[in-house]
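Asker: Here it is, the structure, as structure tokens.
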Amino acid sequence: MHPDGYTDCPLPWNYFKFSSTLFCMDLSFYLQPVSIFIESIICIIAIAIGVLKKKLYGWFIALTFGIYVVYDTVRYTETSLSPTVVAIIFLIATLSMLYVVWTLFTGD
């Protein structure tokens with residue numbers, strides 16, 4: 001717990017003071033948009049693999065990372081999703097990547 005009674009941040013060095021207000025620097029708050037941006041780039045590159053290289057697995061990679069982008073954006077904006085919906089979309093993402101790695105492994 002912070003000396004001023006704040007309990008939002010788990011680590012004491014996550015606090016900083018600006019003027020007379022104490023702020024909490026939650027690192028995940030700043031890293032999540034970076035992660036979403038990188039996932040979006042991967043999704044775009046995967047679509048290019050599907051379109052330009054005519055590889056079906058590119059579309060499945062795009063599907064997986066598209067799901068990640070949607071999920072992370074929903075989580076970042078603190079919108080709630082049903083646990084059933086989350087389980088279904090992650091099952092789809094997992095099956096999609098299973099297809100990709102199997103295709104790459106077998107050389108098809």
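Every chain in the structure tokens takes a letter, A first, then B, and so on in the order presented; its residues are numbered from 1, and the ligands are numbered from 1 following the presented order.
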Can you tell me which residues surround region 56-60 of chain A at a distance of at most 6 Å, considering only C-alpha atoms, apart from same-chain residues fewer than 3 positions away, and format the answer as a CSV table (one decimal) with C-alpha atoms, in the first residue's frame?
Answerer:
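Saved the output as part.csv:
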```
chain,number,residue,atom,x,y,z
A,46,ALA,CA,-0.9,-12.5,-43.1
A,47,ILE,CA,-3.6,-11.1,-45.4
A,49,ILE,CA,0.5,-13.8,-47.6
A,50,GLY,CA,-3.0,-15.0,-48.5
A,63,LEU,CA,-8.0,-14.9,-38.6
A,96,SER,CA,-6.7,-21.8,-36.9
A,100,VAL,CA,-1.2,-23.3,-40.0
```
Asker: Extract, using only C-alpha atoms, all DNA, RNA and protein residues at most 10 Å from Val70 (chain A), discarding same-chain residues fewer than 6 positions from it, and format them as a list of chain:residue names.
Answerer: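 In the requested form, the answer reads A:Ile36, A:Glu39, A:Ser40, A:Tyr76, A:Ile89.
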Asker: Need the shell around Leu91 (chain A): protein/DNA/RNA residues with any atom at most 12 Å away, counting only C-alpha atoms. Skip same-chain ones fewer than 4 positions apart. Format as a PyMOL selection string?
Answerer: chain A and resi 63-64+67-68+84-87+95-98
Asker: Between A:Ile92, A:Val51, A:Leu81, A:Val69, which has the minimum distance to Ser35 (chain A) (counting only C-alpha atoms)?
Answerer: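 For Ser35 (chain A), the nearest of the given residues is A:Val69.
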Asker: From the list A:Pro83, A:Lys55, A:Thr73, A:Ala93, which residue is nearest Gly107 (chain A) when using only C-alpha atoms?
Answerer: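 Smallest distance to Gly107 (chain A) is found for A:Lys55.
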Asker: Tell me, in Å to one decimal, how far CA of Ile88 (chain A) is from CA of Trp102 (chain A).
Answerer: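 Distance between the two atoms: 20.9 Å.
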Asker: What does the distance between CA of Val74 (chain A) and CA of Leu31 (chain A) come to in Å, to one decimal place?
Answerer: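 So the two atoms, CA of Val74 (chain A) and CA of Leu31 (chain A), lie 14.9 Å apart.
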Asker: Measure the distance from CA of Leu27 (chain A) to CA of Gly66 (chain A) in Å and round it to one decimal.
Answerer: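 Between CA of Leu27 (chain A) and CA of Gly66 (chain A) the gap is 23.7 Å.
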